[in-house]
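Source file: run-v7.cif; contents: mmCIF, C-alpha atoms.
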```
data_protein
#
loop_
_atom_site.label_atom_id
_atom_site.label_comp_id
_atom_site.auth_asym_id
_atom_site.auth_seq_id
_atom_site.Cartn_x
_atom_site.Cartn_y
_atom_site.Cartn_z
CA ARG E 1 -33.01 -130.93 119.22
CA VAL E 2 -30.62 -133.44 120.76
CA VAL E 3 -28.87 -132.73 124.06
CA ASN E 4 -25.92 -134.88 125.08
CA LYS E 5 -23.86 -134.85 128.27
CA PHE E 6 -20.23 -135.78 127.77
CA GLY E 7 -17.32 -135.21 130.16
CA GLY E 8 -19.54 -133.25 132.55
CA LYS E 9 -20.64 -130.73 129.89
CA LEU E 10 -23.88 -130.43 127.89
CA PHE E 11 -23.81 -130.27 124.09
CA GLU E 12 -26.79 -129.46 121.86
CA ALA E 13 -27.52 -130.06 118.17
CA GLY E 14 -30.56 -129.00 116.18
CA LEU E 15 -32.26 -131.52 113.89
CA ASP E 16 -35.11 -131.17 111.39
CA HIS E 17 -36.18 -134.81 111.95
CA SER E 18 -36.13 -137.51 114.62
CA PRO E 19 -32.75 -139.22 115.16
CA PHE E 20 -34.68 -142.49 115.52
CA ASP E 21 -36.18 -142.61 112.00
CA VAL E 22 -33.67 -145.20 110.70
CA VAL E 23 -33.21 -148.95 110.94
CA ALA E 24 -29.66 -148.81 112.40
CA TRP E 25 -26.59 -146.59 112.66
CA ALA E 26 -22.99 -147.30 111.71
CA GLY E 27 -19.88 -145.51 112.97
CA ASN E 28 -19.93 -143.21 109.97
CA TYR E 29 -23.46 -141.97 110.78
CA ALA E 30 -24.99 -143.62 107.70
CA PRO E 31 -28.31 -145.45 108.22
CA PHE E 32 -28.45 -148.98 106.82
CA LYS E 33 -30.19 -152.32 107.09
CA TYR E 34 -28.14 -155.13 108.59
CA ASP E 35 -28.63 -158.81 107.81
CA LEU E 36 -28.06 -160.52 111.17
CA ALA E 37 -27.44 -163.82 109.35
CA ALA E 38 -24.37 -162.34 107.63
CA SER E 39 -21.01 -162.65 109.31
CA ALA E 40 -19.52 -159.20 108.79
CA ALA E 41 -17.54 -158.47 111.89
CA CYS E 42 -13.93 -158.85 112.93
CA PRO E 43 -13.26 -160.77 116.15
CA ASP E 44 -13.96 -158.83 119.32
CA PRO E 45 -10.65 -157.45 120.63
CA SER E 46 -11.50 -158.84 124.08
CA ILE E 47 -10.28 -162.26 122.90
CA TYR E 48 -6.76 -160.78 123.04
CA THR E 49 -7.08 -159.45 126.61
CA VAL E 50 -4.10 -160.44 128.76
CA LEU E 51 -4.95 -158.61 132.01
CA THR E 52 -8.14 -156.95 133.21
CA ALA E 53 -9.28 -154.95 136.22
CA PRO E 54 -13.07 -155.28 136.20
CA SER E 55 -15.37 -152.50 137.35
CA HIS E 56 -18.72 -152.73 139.12
CA GLU E 57 -20.41 -152.34 135.68
CA PRO E 58 -20.74 -155.68 133.84
CA GLY E 59 -18.93 -155.58 130.50
CA SER E 60 -16.84 -152.55 131.45
CA ALA E 61 -13.37 -152.47 132.95
CA ILE E 62 -11.32 -150.03 134.97
CA ALA E 63 -8.44 -151.21 132.78
CA ASP E 64 -7.73 -153.86 130.16
CA PHE E 65 -4.33 -154.72 128.71
CA VAL E 66 -4.60 -156.28 125.26
CA VAL E 67 -1.94 -157.75 122.95
CA PHE E 68 -2.50 -158.29 119.21
CA PRO E 69 0.06 -161.02 118.45
CA PRO E 70 0.77 -162.86 115.21
CA ARG E 71 -2.39 -164.88 114.48
CA TRP E 72 -4.36 -166.89 111.98
CA MET E 73 -7.34 -165.13 110.38
CA VAL E 74 -9.81 -167.74 109.17
CA MET E 75 -13.26 -166.11 109.31
CA GLU E 76 -15.38 -166.70 106.21
CA ASN E 77 -17.47 -164.12 104.32
CA THR E 78 -16.37 -161.23 106.47
CA PHE E 79 -14.41 -157.99 106.56
CA ARG E 80 -11.41 -158.98 108.65
CA PRO E 81 -9.88 -155.68 109.78
CA PRO E 82 -11.55 -153.77 112.59
CA TRP E 83 -14.34 -151.65 111.13
CA PHE E 84 -14.66 -147.87 111.51
CA HIS E 85 -16.18 -147.43 114.96
CA ARG E 86 -16.44 -145.52 118.25
CA ASN E 87 -16.02 -147.00 121.73
CA CYS E 88 -17.38 -146.26 125.18
CA MET E 89 -13.85 -146.97 126.44
CA THR E 90 -10.72 -144.85 125.92
CA GLU E 91 -7.97 -146.72 124.05
CA PHE E 92 -4.22 -146.15 124.06
CA MET E 93 -2.61 -148.32 121.41
CA GLY E 94 1.05 -148.86 120.57
CA MET E 95 3.00 -150.71 117.90
CA ILE E 96 5.79 -152.92 119.28
CA TYR E 97 7.22 -154.09 115.93
CA GLY E 98 6.21 -154.49 112.30
CA THR E 99 2.95 -153.11 110.92
CA TYR E 100 -0.59 -153.07 112.26
CA ASP E 101 -2.98 -155.06 110.07
CA ALA E 102 -5.57 -152.24 110.11
CA LYS E 103 -3.10 -149.56 109.01
CA GLN E 104 -1.37 -151.06 105.99
CA GLY E 105 -1.05 -147.62 104.36
CA GLY E 106 1.92 -146.91 106.63
CA GLY E 107 0.28 -144.58 109.16
CA PHE E 108 1.08 -146.62 112.27
CA GLN E 109 4.70 -147.66 112.69
CA ALA E 110 6.78 -149.49 115.29
CA GLY E 111 7.37 -147.28 118.30
CA GLY E 112 4.28 -145.21 117.50
CA ALA E 113 1.13 -144.88 119.58
CA SER E 114 -2.38 -143.49 119.28
CA LEU E 115 -4.96 -142.33 121.78
CA HIS E 116 -8.64 -142.77 120.97
CA ALA E 117 -10.63 -140.91 123.58
CA CYS E 118 -14.07 -142.22 124.49
CA MET E 119 -16.45 -141.90 121.50
CA THR E 120 -13.68 -140.77 119.08
CA PRO E 121 -14.26 -142.32 115.63
CA HIS E 122 -11.38 -144.47 114.35
CA GLY E 123 -10.74 -147.44 112.10
CA PRO E 124 -8.68 -148.85 109.24
CA ASP E 125 -7.07 -146.67 106.59
CA ALA E 126 -8.26 -146.57 102.96
CA ALA E 127 -5.53 -148.95 101.71
CA THR E 128 -6.53 -151.59 104.27
CA CYS E 129 -10.25 -151.22 103.45
CA ASP E 130 -9.62 -151.59 99.71
CA LYS E 131 -7.40 -154.65 100.22
CA ALA E 132 -9.86 -156.32 102.62
CA ALA E 133 -12.92 -155.61 100.45
CA ASN E 134 -11.27 -157.30 97.46
CA ALA E 135 -9.44 -160.13 99.24
CA GLU E 136 -10.05 -163.78 98.54
CA LEU E 137 -11.00 -165.16 101.94
CA GLY E 138 -8.87 -168.18 102.64
CA PRO E 139 -6.95 -168.77 105.89
CA VAL E 140 -4.18 -166.17 106.24
CA LYS E 141 -1.50 -165.95 108.92
CA PHE E 142 -0.75 -162.41 110.01
CA ASP E 143 2.75 -162.39 111.45
CA GLY E 144 3.92 -158.98 110.31
CA GLY E 145 3.74 -157.19 113.64
CA MET E 146 2.67 -157.01 117.25
CA ALA E 147 0.60 -154.25 118.84
CA PHE E 148 -0.73 -153.63 122.33
CA MET E 149 -3.69 -151.71 123.70
CA PHE E 150 -4.52 -150.32 127.11
CA GLU E 151 -8.19 -149.40 127.46
CA THR E 152 -10.22 -147.98 130.30
CA ALA E 153 -13.78 -146.91 131.02
CA LEU E 154 -12.32 -143.85 132.74
CA MET E 155 -11.79 -140.63 130.81
CA LEU E 156 -8.11 -139.88 130.16
CA LYS E 157 -6.73 -136.49 129.28
CA LEU E 158 -3.31 -135.37 128.18
CA THR E 159 -1.39 -133.07 130.48
CA PRO E 160 1.59 -130.80 129.71
#
```
Just give me the structure of the file as structure tokens.
Amino acid sequence: RVVNKFGGKLFEAGLDHSPFDVVAWAGNYAPFKYDLAASAACPDPSIYTVLTAPSHEPGSAIADFVVFPPRWMVMENTFRPPWFHRNCMTEFMGMIYGTYDAKQGGGFQAGGASLHACMTPHGPDAATCDKAANAELGPVKFDGGMAFMFETALMLKLTP
């Protein structure tokens, strides 16, 4: 059995095998082998951080404010949109104008926002995945929108 503490509560799940009997885990819970020589990751969003309030934990912030502006995407041999993932931080993201490059199927529009609570799975939509998986990887300028993100290591909850 696996016992996990989250948000001050204990959760339990029964397993018929060890959760450690794989090489690695992805955000979709599928075990896989990963070639560390391959470049298969989008840039870390921290490169877009505008303001930060660091915490006493290295690599974790009380609050970060991030802007995803128009930009050149030039990485070779990679999947350029953010991959399906979970974070140890809570993210509140909003679309200022245009479209978000990870939601090209139309699910995230200007004036809209999303809240990804700590450890909530999220990532690009199917249309974006299909387009990125079949794209010819030359330099591309994304200037179709601007988004922002506020993230925190603290747990946020919605109130009435």
Residues in the PyMOL selection byres ((chain E and resi 53) around 6), expressed as a list of chain:residue names |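 Selected by the PyMOL selection byres ((chain E and resi 53) around 6) here: E:Thr52, E:Pro54, E:Ala61, E:Ile62, E:Ala63.
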Excluding Ala147 of chain E and residues on its chain fewer than 4 positions from it, collect all residues at most 6 Å away from it, counting all atoms listed in the file, and give them as a VMD selection string.
-> chain E and resid 67 to 68 94 to 96
Kindly resolve the PyMOL selection byres ((chain E and resi 73) around 7) on the present coordinates and return the residues as a PyMOL selection string.
-> chain E and resi 71-72+74-75+139-141
Between E:Asn134, E:Thr99, E:Asn77, E:Thr152, single out the one closest to Leu115 of chain E, counting all atoms listed in the file.
-> E:Thr152
List the residues selected by the PyMOL selection byres ((chain E and resi 157) around 10) in the file shown, writing them as a PDB file with C-alpha atoms, keeping the file's coordinate frame.
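Saved result, selection_25.pdb, follows:
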```
ATOM      1  CA  THR E  90     -10.720-144.850 125.920  1.00  0.00           C
ATOM      2  CA  LEU E 115      -4.960-142.330 121.780  1.00  0.00           C
ATOM      3  CA  ALA E 117     -10.630-140.910 123.580  1.00  0.00           C
ATOM      4  CA  LEU E 154     -12.320-143.850 132.740  1.00  0.00           C
ATOM      5  CA  MET E 155     -11.790-140.630 130.810  1.00  0.00           C
ATOM      6  CA  LEU E 156      -8.110-139.880 130.160  1.00  0.00           C
ATOM      7  CA  LEU E 158      -3.310-135.370 128.180  1.00  0.00           C
ATOM      8  CA  THR E 159      -1.390-133.070 130.480  1.00  0.00           C
TER       9      THR E 159
END
```
Show which residues sit within 10 Å of Thr49 of chain E, as an NGL selection string. Count all atoms listed in the file, and ignore same-chain residues fewer than 4 positions away.
-> :E and (45 or 64-68 or 148-150)
Separation of atom CA of Asp101 of chain E and atom CA of Ala153 of chain E, in Å?
-> 24.9 Å
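Of the residues listed (E:Ala13, E:Cys118, E:Ala133, E:Val2), E:Ala133 shows the shortest atom-to-atom separation from Trp83 of chain E; distances use all atoms listed in the file.
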Residue with smallest distance to Cys129 of chain E - pool E:Arg1, E:His56, E:Lys103, E:His17, counting all atoms listed in the file |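 The shortest atom-to-atom distance to Cys129 of chain E comes from E:Lys103.
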